[in-house]
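Pasted below: work_7.pdb, PDB, N, CA and C atoms, pLDDT in the B column.
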ATOM      1  N   MET Z 191     -13.108  20.635  -9.688  1.00 58.00           N
ATOM      2  CA  MET Z 191     -11.726  20.318  -9.994  1.00 58.00           C
ATOM      3  C   MET Z 191     -11.134  19.510  -8.839  1.00 58.00           C
ATOM      4  N   THR Z 192     -10.465  18.434  -9.162  1.00 72.00           N
ATOM      5  CA  THR Z 192      -9.871  17.568  -8.159  1.00 72.00           C
ATOM      6  C   THR Z 192      -8.533  18.150  -7.715  1.00 72.00           C
ATOM      7  N   GLU Z 193      -8.330  18.153  -6.410  1.00 83.00           N
ATOM      8  CA  GLU Z 193      -7.066  18.652  -5.866  1.00 83.00           C
ATOM      9  C   GLU Z 193      -6.016  17.549  -5.946  1.00 83.00           C
ATOM     10  N   ARG Z 194      -4.867  17.879  -6.471  1.00 87.00           N
ATOM     11  CA  ARG Z 194      -3.770  16.918  -6.576  1.00 87.00           C
ATOM     12  C   ARG Z 194      -2.923  16.997  -5.316  1.00 87.00           C
ATOM     13  N   THR Z 195      -2.506  15.844  -4.821  1.00 88.00           N
ATOM     14  CA  THR Z 195      -1.680  15.814  -3.621  1.00 88.00           C
ATOM     15  C   THR Z 195      -0.322  15.219  -3.940  1.00 88.00           C
ATOM     16  N   LEU Z 196       0.688  15.749  -3.264  1.00 86.00           N
ATOM     17  CA  LEU Z 196       2.026  15.218  -3.432  1.00 86.00           C
ATOM     18  C   LEU Z 196       2.125  13.853  -2.775  1.00 86.00           C
ATOM     19  N   THR Z 197       2.931  12.995  -3.349  1.00 85.00           N
ATOM     20  CA  THR Z 197       3.079  11.659  -2.802  1.00 85.00           C
ATOM     21  C   THR Z 197       3.917  11.678  -1.527  1.00 85.00           C
ATOM     22  N   THR Z 198       3.736  10.647  -0.742  1.00 86.00           N
ATOM     23  CA  THR Z 198       4.527  10.472   0.474  1.00 86.00           C
ATOM     24  C   THR Z 198       5.137   9.080   0.456  1.00 86.00           C
ATOM     25  N   ILE Z 199       6.025   8.836   1.383  1.00 86.00           N
ATOM     26  CA  ILE Z 199       6.682   7.530   1.474  1.00 86.00           C
ATOM     27  C   ILE Z 199       5.669   6.435   1.798  1.00 86.00           C
ATOM     28  N   ASN Z 200       4.484   6.809   2.278  1.00 88.00           N
ATOM     29  CA  ASN Z 200       3.442   5.840   2.615  1.00 88.00           C
ATOM     30  C   ASN Z 200       2.684   5.309   1.396  1.00 88.00           C
ATOM     31  N   ASN Z 201       2.940   5.859   0.238  1.00 89.00           N
ATOM     32  CA  ASN Z 201       2.290   5.395  -0.980  1.00 89.00           C
ATOM     33  C   ASN Z 201       2.730   3.945  -1.238  1.00 89.00           C
ATOM     34  N   PRO Z 202       1.771   3.005  -1.316  1.00 91.00           N
ATOM     35  CA  PRO Z 202       2.138   1.588  -1.418  1.00 91.00           C
ATOM     36  C   PRO Z 202       2.852   1.196  -2.714  1.00 91.00           C
ATOM     37  N   ILE Z 203       2.686   1.951  -3.789  1.00 93.00           N
ATOM     38  CA  ILE Z 203       3.361   1.571  -5.037  1.00 93.00           C
ATOM     39  C   ILE Z 203       4.540   2.490  -5.369  1.00 93.00           C
ATOM     40  N   LEU Z 204       4.881   3.386  -4.470  1.00 94.00           N
ATOM     41  CA  LEU Z 204       5.955   4.347  -4.763  1.00 94.00           C
ATOM     42  C   LEU Z 204       7.276   3.644  -5.052  1.00 94.00           C
ATOM     43  N   LYS Z 205       7.672   2.695  -4.215  1.00 95.00           N
ATOM     44  CA  LYS Z 205       8.949   2.014  -4.431  1.00 95.00           C
ATOM     45  C   LYS Z 205       8.944   1.252  -5.748  1.00 95.00           C
ATOM     46  N   ASP Z 206       7.835   0.581  -6.047  1.00 95.00           N
ATOM     47  CA  ASP Z 206       7.740  -0.161  -7.308  1.00 95.00           C
ATOM     48  C   ASP Z 206       7.811   0.778  -8.511  1.00 95.00           C
ATOM     49  N   ALA Z 207       7.135   1.905  -8.431  1.00 95.00           N
ATOM     50  CA  ALA Z 207       7.180   2.883  -9.525  1.00 95.00           C
ATOM     51  C   ALA Z 207       8.597   3.408  -9.712  1.00 95.00           C
ATOM     52  N   CYS Z 208       9.274   3.675  -8.593  1.00 95.00           N
ATOM     53  CA  CYS Z 208      10.663   4.153  -8.672  1.00 95.00           C
ATOM     54  C   CYS Z 208      11.561   3.092  -9.290  1.00 95.00           C
ATOM     55  N   GLU Z 209      11.351   1.837  -8.893  1.00 96.00           N
ATOM     56  CA  GLU Z 209      12.178   0.764  -9.426  1.00 96.00           C
ATOM     57  C   GLU Z 209      11.958   0.580 -10.925  1.00 96.00           C
ATOM     58  N   LEU Z 210      10.715   0.634 -11.355  1.00 96.00           N
ATOM     59  CA  LEU Z 210      10.431   0.505 -12.785  1.00 96.00           C
ATOM     60  C   LEU Z 210      11.016   1.671 -13.572  1.00 96.00           C
ATOM     61  N   CYS Z 211      10.944   2.856 -13.020  1.00 95.00           N
ATOM     62  CA  CYS Z 211      11.543   4.020 -13.672  1.00 95.00           C
ATOM     63  C   CYS Z 211      13.060   3.850 -13.762  1.00 95.00           C
ATOM     64  N   TRP Z 212      13.652   3.327 -12.695  1.00 96.00           N
ATOM     65  CA  TRP Z 212      15.101   3.082 -12.664  1.00 96.00           C
ATOM     66  C   TRP Z 212      15.488   2.078 -13.754  1.00 96.00           C
ATOM     67  N   ILE Z 213      14.708   1.032 -13.890  1.00 96.00           N
ATOM     68  CA  ILE Z 213      14.993   0.001 -14.889  1.00 96.00           C
ATOM     69  C   ILE Z 213      14.898   0.585 -16.300  1.00 96.00           C
ATOM     70  N   CYS Z 214      13.893   1.406 -16.547  1.00 95.00           N
ATOM     71  CA  CYS Z 214      13.681   1.954 -17.897  1.00 95.00           C
ATOM     72  C   CYS Z 214      14.595   3.123 -18.220  1.00 95.00           C
ATOM     73  N   LYS Z 215      14.793   4.018 -17.259  1.00 94.00           N
ATOM     74  CA  LYS Z 215      15.477   5.270 -17.552  1.00 94.00           C
ATOM     75  C   LYS Z 215      16.801   5.462 -16.824  1.00 94.00           C
ATOM     76  N   GLY Z 216      17.078   4.610 -15.809  1.00 94.00           N
ATOM     77  CA  GLY Z 216      18.315   4.754 -15.056  1.00 94.00           C
ATOM     78  C   GLY Z 216      18.264   5.875 -14.033  1.00 94.00           C
ATOM     79  N   GLN Z 217      17.059   6.283 -13.666  1.00 95.00           N
ATOM     80  CA  GLN Z 217      16.899   7.327 -12.648  1.00 95.00           C
ATOM     81  C   GLN Z 217      15.592   7.100 -11.908  1.00 95.00           C
ATOM     82  N   ILE Z 218      15.520   7.667 -10.703  1.00 93.00           N
ATOM     83  CA  ILE Z 218      14.313   7.564  -9.898  1.00 93.00           C
ATOM     84  C   ILE Z 218      13.432   8.768 -10.203  1.00 93.00           C
ATOM     85  N   ILE Z 219      12.129   8.590 -10.024  1.00 90.00           N
ATOM     86  CA  ILE Z 219      11.204   9.694 -10.267  1.00 90.00           C
ATOM     87  C   ILE Z 219      11.506  10.854  -9.313  1.00 90.00           C
ATOM     88  N   PRO Z 220      11.133  12.072  -9.663  1.00 84.00           N
ATOM     89  CA  PRO Z 220      11.403  13.217  -8.787  1.00 84.00           C
ATOM     90  C   PRO Z 220      10.713  13.065  -7.434  1.00 84.00           C
ATOM     91  N   SER Z 221      11.326  13.616  -6.393  1.00 78.00           N
ATOM     92  CA  SER Z 221      10.758  13.474  -5.049  1.00 78.00           C
ATOM     93  C   SER Z 221       9.488  14.306  -4.875  1.00 78.00           C
ATOM     94  N   MET Z 222       9.336  15.351  -5.632  1.00 82.00           N
ATOM     95  CA  MET Z 222       8.117  16.168  -5.559  1.00 82.00           C
ATOM     96  C   MET Z 222       7.211  15.756  -6.722  1.00 82.00           C
ATOM     97  N   ILE Z 223       6.421  14.708  -6.496  1.00 86.00           N
ATOM     98  CA  ILE Z 223       5.570  14.192  -7.559  1.00 86.00           C
ATOM     99  C   ILE Z 223       4.183  13.898  -6.987  1.00 86.00           C
ATOM    100  N   TYR Z 224       3.189  14.045  -7.813  1.00 91.00           N
ATOM    101  CA  TYR Z 224       1.813  13.848  -7.387  1.00 91.00           C
ATOM    102  C   TYR Z 224       1.440  12.361  -7.374  1.00 91.00           C
ATOM    103  N   GLU Z 225       0.482  12.033  -6.500  1.00 91.00           N
ATOM    104  CA  GLU Z 225       0.015  10.648  -6.344  1.00 91.00           C
ATOM    105  C   GLU Z 225      -0.434  10.054  -7.686  1.00 91.00           C
ATOM    106  N   ASP Z 226      -1.223  10.798  -8.447  1.00 91.00           N
ATOM    107  CA  ASP Z 226      -1.735  10.267  -9.712  1.00 91.00           C
ATOM    108  C   ASP Z 226      -0.612  10.040 -10.725  1.00 91.00           C
ATOM    109  N   SER Z 227       0.450  10.824 -10.637  1.00 92.00           N
ATOM    110  CA  SER Z 227       1.590  10.634 -11.534  1.00 92.00           C
ATOM    111  C   SER Z 227       2.347   9.357 -11.193  1.00 92.00           C
ATOM    112  N   VAL Z 228       2.429   9.031  -9.903  1.00 93.00           N
ATOM    113  CA  VAL Z 228       3.086   7.792  -9.479  1.00 93.00           C
ATOM    114  C   VAL Z 228       2.352   6.597 -10.078  1.00 93.00           C
ATOM    115  N   VAL Z 229       1.034   6.615 -10.017  1.00 93.00           N
ATOM    116  CA  VAL Z 229       0.234   5.527 -10.574  1.00 93.00           C
ATOM    117  C   VAL Z 229       0.438   5.431 -12.081  1.00 93.00           C
ATOM    118  N   SER Z 230       0.448   6.560 -12.743  1.00 93.00           N
ATOM    119  CA  SER Z 230       0.637   6.595 -14.195  1.00 93.00           C
ATOM    120  C   SER Z 230       2.010   6.043 -14.589  1.00 93.00           C
ATOM    121  N   ILE Z 231       3.044   6.445 -13.863  1.00 93.00           N
ATOM    122  CA  ILE Z 231       4.403   5.950 -14.128  1.00 93.00           C
ATOM    123  C   ILE Z 231       4.452   4.447 -13.919  1.00 93.00           C
ATOM    124  N   TYR Z 232       3.878   3.990 -12.814  1.00 95.00           N
ATOM    125  CA  TYR Z 232       3.875   2.553 -12.518  1.00 95.00           C
ATOM    126  C   TYR Z 232       3.223   1.766 -13.646  1.00 95.00           C
ATOM    127  N   GLU Z 233       2.046   2.178 -14.063  1.00 94.00           N
ATOM    128  CA  GLU Z 233       1.319   1.449 -15.100  1.00 94.00           C
ATOM    129  C   GLU Z 233       2.049   1.464 -16.435  1.00 94.00           C
ATOM    130  N   SER Z 234       2.597   2.595 -16.789  1.00 93.00           N
ATOM    131  CA  SER Z 234       3.289   2.732 -18.069  1.00 93.00           C
ATOM    132  C   SER Z 234       4.574   1.893 -18.116  1.00 93.00           C
ATOM    133  N   TYR Z 235       5.400   2.028 -17.089  1.00 95.00           N
ATOM    134  CA  TYR Z 235       6.673   1.306 -17.090  1.00 95.00           C
ATOM    135  C   TYR Z 235       6.496  -0.176 -16.808  1.00 95.00           C
ATOM    136  N   PHE Z 236       5.484  -0.564 -16.030  1.00 95.00           N
ATOM    137  CA  PHE Z 236       5.229  -1.982 -15.804  1.00 95.00           C
ATOM    138  C   PHE Z 236       4.933  -2.669 -17.126  1.00 95.00           C
ATOM    139  N   ASP Z 237       4.084  -2.042 -17.918  1.00 91.00           N
ATOM    140  CA  ASP Z 237       3.731  -2.606 -19.213  1.00 91.00           C
ATOM    141  C   ASP Z 237       4.959  -2.749 -20.108  1.00 91.00           C
ATOM    142  N   ARG Z 238       5.830  -1.774 -20.064  1.00 92.00           N
ATOM    143  CA  ARG Z 238       7.037  -1.799 -20.884  1.00 92.00           C
ATOM    144  C   ARG Z 238       8.006  -2.891 -20.421  1.00 92.00           C
ATOM    145  N   VAL Z 239       8.278  -2.951 -19.123  1.00 94.00           N
ATOM    146  CA  VAL Z 239       9.257  -3.898 -18.573  1.00 94.00           C
ATOM    147  C   VAL Z 239       8.755  -5.337 -18.683  1.00 94.00           C
ATOM    148  N   TRP Z 240       7.452  -5.523 -18.639  1.00 92.00           N
ATOM    149  CA  TRP Z 240       6.872  -6.854 -18.706  1.00 92.00           C
ATOM    150  C   TRP Z 240       7.330  -7.603 -19.952  1.00 92.00           C
ATOM    151  N   ARG Z 241       7.584  -6.879 -21.022  1.00 92.00           N
ATOM    152  CA  ARG Z 241       7.951  -7.502 -22.300  1.00 92.00           C
ATOM    153  C   ARG Z 241       9.451  -7.735 -22.448  1.00 92.00           C
ATOM    154  N   TRP Z 242      10.256  -7.248 -21.526  1.00 92.00           N
ATOM    155  CA  TRP Z 242      11.708  -7.342 -21.654  1.00 92.00           C
ATOM    156  C   TRP Z 242      12.234  -8.697 -21.208  1.00 92.00           C
ATOM    157  N   ASP Z 243      13.441  -8.968 -21.635  1.00 93.00           N
ATOM    158  CA  ASP Z 243      14.151 -10.166 -21.201  1.00 93.00           C
ATOM    159  C   ASP Z 243      14.475 -10.045 -19.707  1.00 93.00           C
ATOM    160  N   PRO Z 244      14.164 -11.061 -18.909  1.00 92.00           N
ATOM    161  CA  PRO Z 244      14.413 -10.985 -17.463  1.00 92.00           C
ATOM    162  C   PRO Z 244      15.874 -10.714 -17.098  1.00 92.00           C
ATOM    163  N   ASN Z 245      16.802 -11.203 -17.894  1.00 93.00           N
ATOM    164  CA  ASN Z 245      18.220 -10.947 -17.608  1.00 93.00           C
ATOM    165  C   ASN Z 245      18.562  -9.472 -17.738  1.00 93.00           C
ATOM    166  N   GLU Z 246      17.989  -8.827 -18.726  1.00 93.00           N
ATOM    167  CA  GLU Z 246      18.228  -7.394 -18.903  1.00 93.00           C
ATOM    168  C   GLU Z 246      17.642  -6.607 -17.733  1.00 93.00           C
ATOM    169  N   VAL Z 247      16.458  -6.990 -17.307  1.00 93.00           N
ATOM    170  CA  VAL Z 247      15.817  -6.322 -16.167  1.00 93.00           C
ATOM    171  C   VAL Z 247      16.687  -6.479 -14.929  1.00 93.00           C
ATOM    172  N   PHE Z 248      17.179  -7.683 -14.700  1.00 94.00           N
ATOM    173  CA  PHE Z 248      18.034  -7.943 -13.534  1.00 94.00           C
ATOM    174  C   PHE Z 248      19.259  -7.031 -13.539  1.00 94.00           C
ATOM    175  N   HIS Z 249      19.916  -6.910 -14.674  1.00 95.00           N
ATOM    176  CA  HIS Z 249      21.129  -6.077 -14.760  1.00 95.00           C
ATOM    177  C   HIS Z 249      20.814  -4.591 -14.628  1.00 95.00           C
ATOM    178  N   ARG Z 250      19.672  -4.173 -15.109  1.00 94.00           N
ATOM    179  CA  ARG Z 250      19.300  -2.759 -15.013  1.00 94.00           C
ATOM    180  C   ARG Z 250      18.910  -2.339 -13.603  1.00 94.00           C
ATOM    181  N   LYS Z 251      18.610  -3.309 -12.736  1.00 95.00           N
ATOM    182  CA  LYS Z 251      18.259  -3.009 -11.344  1.00 95.00           C
ATOM    183  C   LYS Z 251      19.478  -2.603 -10.518  1.00 95.00           C
ATOM    184  N   GLU Z 252      20.649  -2.839 -11.045  1.00 95.00           N
ATOM    185  CA  GLU Z 252      21.883  -2.548 -10.318  1.00 95.00           C
ATOM    186  C   GLU Z 252      21.942  -1.082  -9.885  1.00 95.00           C
ATOM    187  N   GLY Z 253      22.186  -0.881  -8.600  1.00 96.00           N
ATOM    188  CA  GLY Z 253      22.301   0.469  -8.058  1.00 96.00           C
ATOM    189  C   GLY Z 253      20.998   1.052  -7.541  1.00 96.00           C
ATOM    190  N   PHE Z 254      19.892   0.339  -7.754  1.00 97.00           N
ATOM    191  CA  PHE Z 254      18.596   0.883  -7.348  1.00 97.00           C
ATOM    192  C   PHE Z 254      18.476   1.046  -5.836  1.00 97.00           C
ATOM    193  N   ASN Z 255      18.907   0.058  -5.079  1.00 96.00           N
ATOM    194  CA  ASN Z 255      18.726   0.121  -3.622  1.00 96.00           C
ATOM    195  C   ASN Z 255      19.412   1.340  -3.009  1.00 96.00           C
ATOM    196  N   GLU Z 256      20.588   1.673  -3.481  1.00 96.00           N
ATOM    197  CA  GLU Z 256      21.291   2.860  -2.993  1.00 96.00           C
ATOM    198  C   GLU Z 256      20.526   4.128  -3.374  1.00 96.00           C
ATOM    199  N   ALA Z 257      20.070   4.158  -4.611  1.00 96.00           N
ATOM    200  CA  ALA Z 257      19.309   5.319  -5.081  1.00 96.00           C
ATOM    201  C   ALA Z 257      17.991   5.444  -4.311  1.00 96.00           C
ATOM    202  N   TRP Z 258      17.376   4.331  -3.969  1.00 96.00           N
ATOM    203  CA  TRP Z 258      16.118   4.344  -3.217  1.00 96.00           C
ATOM    204  C   TRP Z 258      16.328   4.932  -1.823  1.00 96.00           C
ATOM    205  N   GLU Z 259      17.410   4.550  -1.166  1.00 95.00           N
ATOM    206  CA  GLU Z 259      17.698   5.083   0.169  1.00 95.00           C
ATOM    207  C   GLU Z 259      17.894   6.602   0.110  1.00 95.00           C
ATOM    208  N   GLN Z 260      18.602   7.090  -0.907  1.00 93.00           N
ATOM    209  CA  GLN Z 260      18.794   8.532  -1.075  1.00 93.00           C
ATOM    210  C   GLN Z 260      17.453   9.218  -1.354  1.00 93.00           C
ATOM    211  N   PHE Z 261      16.633   8.586  -2.159  1.00 92.00           N
ATOM    212  CA  PHE Z 261      15.319   9.134  -2.487  1.00 92.00           C
ATOM    213  C   PHE Z 261      14.465   9.267  -1.234  1.00 92.00           C
ATOM    214  N   LYS Z 262      14.462   8.241  -0.383  1.00 91.00           N
ATOM    215  CA  LYS Z 262      13.670   8.284   0.849  1.00 91.00           C
ATOM    216  C   LYS Z 262      14.119   9.429   1.750  1.00 91.00           C
ATOM    217  N   LYS Z 263      15.425   9.647   1.826  1.00 90.00           N
ATOM    218  CA  LYS Z 263      15.948  10.768   2.643  1.00 90.00           C
ATOM    219  C   LYS Z 263      15.472  12.094   2.079  1.00 90.00           C
ATOM    220  N   LYS Z 264      15.570  12.223   0.766  1.00 86.00           N
ATOM    221  CA  LYS Z 264      15.143  13.460   0.094  1.00 86.00           C
ATOM    222  C   LYS Z 264      13.657  13.722   0.312  1.00 86.00           C
ATOM    223  N   LEU Z 265      12.867  12.666   0.220  1.00 85.00           N
ATOM    224  CA  LEU Z 265      11.427  12.794   0.380  1.00 85.00           C
ATOM    225  C   LEU Z 265      11.082  13.164   1.821  1.00 85.00           C
ATOM    226  N   ALA Z 266      11.800  12.597   2.761  1.00 83.00           N
ATOM    227  CA  ALA Z 266      11.559  12.929   4.178  1.00 83.00           C
ATOM    228  C   ALA Z 266      11.910  14.388   4.470  1.00 83.00           C
ATOM    229  N   GLU Z 267      12.974  14.884   3.862  1.00 83.00           N
ATOM    230  CA  GLU Z 267      13.370  16.281   4.042  1.00 83.00           C
ATOM    231  C   GLU Z 267      12.342  17.221   3.431  1.00 83.00           C
ATOM    232  N   ALA Z 268      11.753  16.833   2.328  1.00 75.00           N
ATOM    233  CA  ALA Z 268      10.788  17.676   1.633  1.00 75.00           C
ATOM    234  C   ALA Z 268       9.445  17.739   2.372  1.00 75.00           C
ATOM    235  N   SER Z 269       9.158  16.742   3.193  1.00 67.00           N
ATOM    236  CA  SER Z 269       7.879  16.684   3.897  1.00 67.00           C
ATOM    237  C   SER Z 269       7.825  17.621   5.070  1.00 67.00           C
TER     238      SER Z 269
END
Can the structure from this file be put into structure tokens for me?
Amino acid sequence: MTERTLTTINNPILKDACELCWICKGQIIPSMIYEDSVVSIYESYFDRVWRWDPNEVFHRKEGFNEAWEQFKKKLAEAS
């Protein structure tokens, strides 16, 4: 059985996965999430967003940077 590990801020696709989740759902992924789940979220939402109108994607990104900063603080506290 493979051991699952929680993600850290060092995960290279974490920010992208969070941004794609924000665009699709209007929220960032939970701070206590496993590495394999981050990859799954990234792949799933990337495929979905790829088909959208770029203008809609641009408008849905609004507020992400603030949410990302809060997420990083939360993740650092949890570590």
Query raised in the report: Could you pull the residues within 7 Å of Thr198 (chain Z), counting all atoms listed in the file, minus those fewer than 3 positions along the same chain, as a ChimeraX atom specification?
Result: /Z:195,201,225
**Report entry** Selection near Asp226 (chain Z), 7 Å with all atoms listed in the file, sequence-local residues under 3 positions removed, as a ChimeraX atom specification
**Finding:** /Z:194-195,197,223,229-231
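Shortest atom-to-atom contact with Ser234 (chain Z) among Z:Gly253, Z:Leu210, Z:Leu196, Z:Ile203: Z:Leu210, counting all atoms listed in the file.
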Requested in this report: Could you tell me which residues the PyMOL selection byres (((chain Z and resi 209 and name CA) around 12) and name CA) grabs in this file, written as number ranges by chain?
Outcome: Z: 203-208, 210-219, 228, 231-232, 235-236, 239, 247-248, 250-259, 261
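Here atom C of Asn200 (chain Z) and CA of Arg238 (chain Z) stand 23.8 Å from one another.
Using all atoms listed in the file, every residue with an atom at most 7 Å from the point (8.6, 13.2, -1.1) is listed here: Leu196, Thr197, Thr198, Ile199, Pro220, Ser221, Met222, Ile223, Lys264, Leu265, Ala266, Glu267, Ala268 and Ser269 of chain Z.
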Report task. May I have all residues of chain Z that DSSP, computed from the backbone, assigns to alpha helix (DSSP H), given as a PyMOL selection string? Result -> chain Z and resi 204-215+225-240+244-250+254-268
Requested in this report: State, in Å with one decimal place, the distance from atom C of Pro202 (chain Z) to atom N of Asp243 (chain Z).
Outcome: 23.9 Å
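Of note, atom C of Asp237 (chain Z) and atom N of Tyr224 (chain Z) are spaced 20.9 Å apart.
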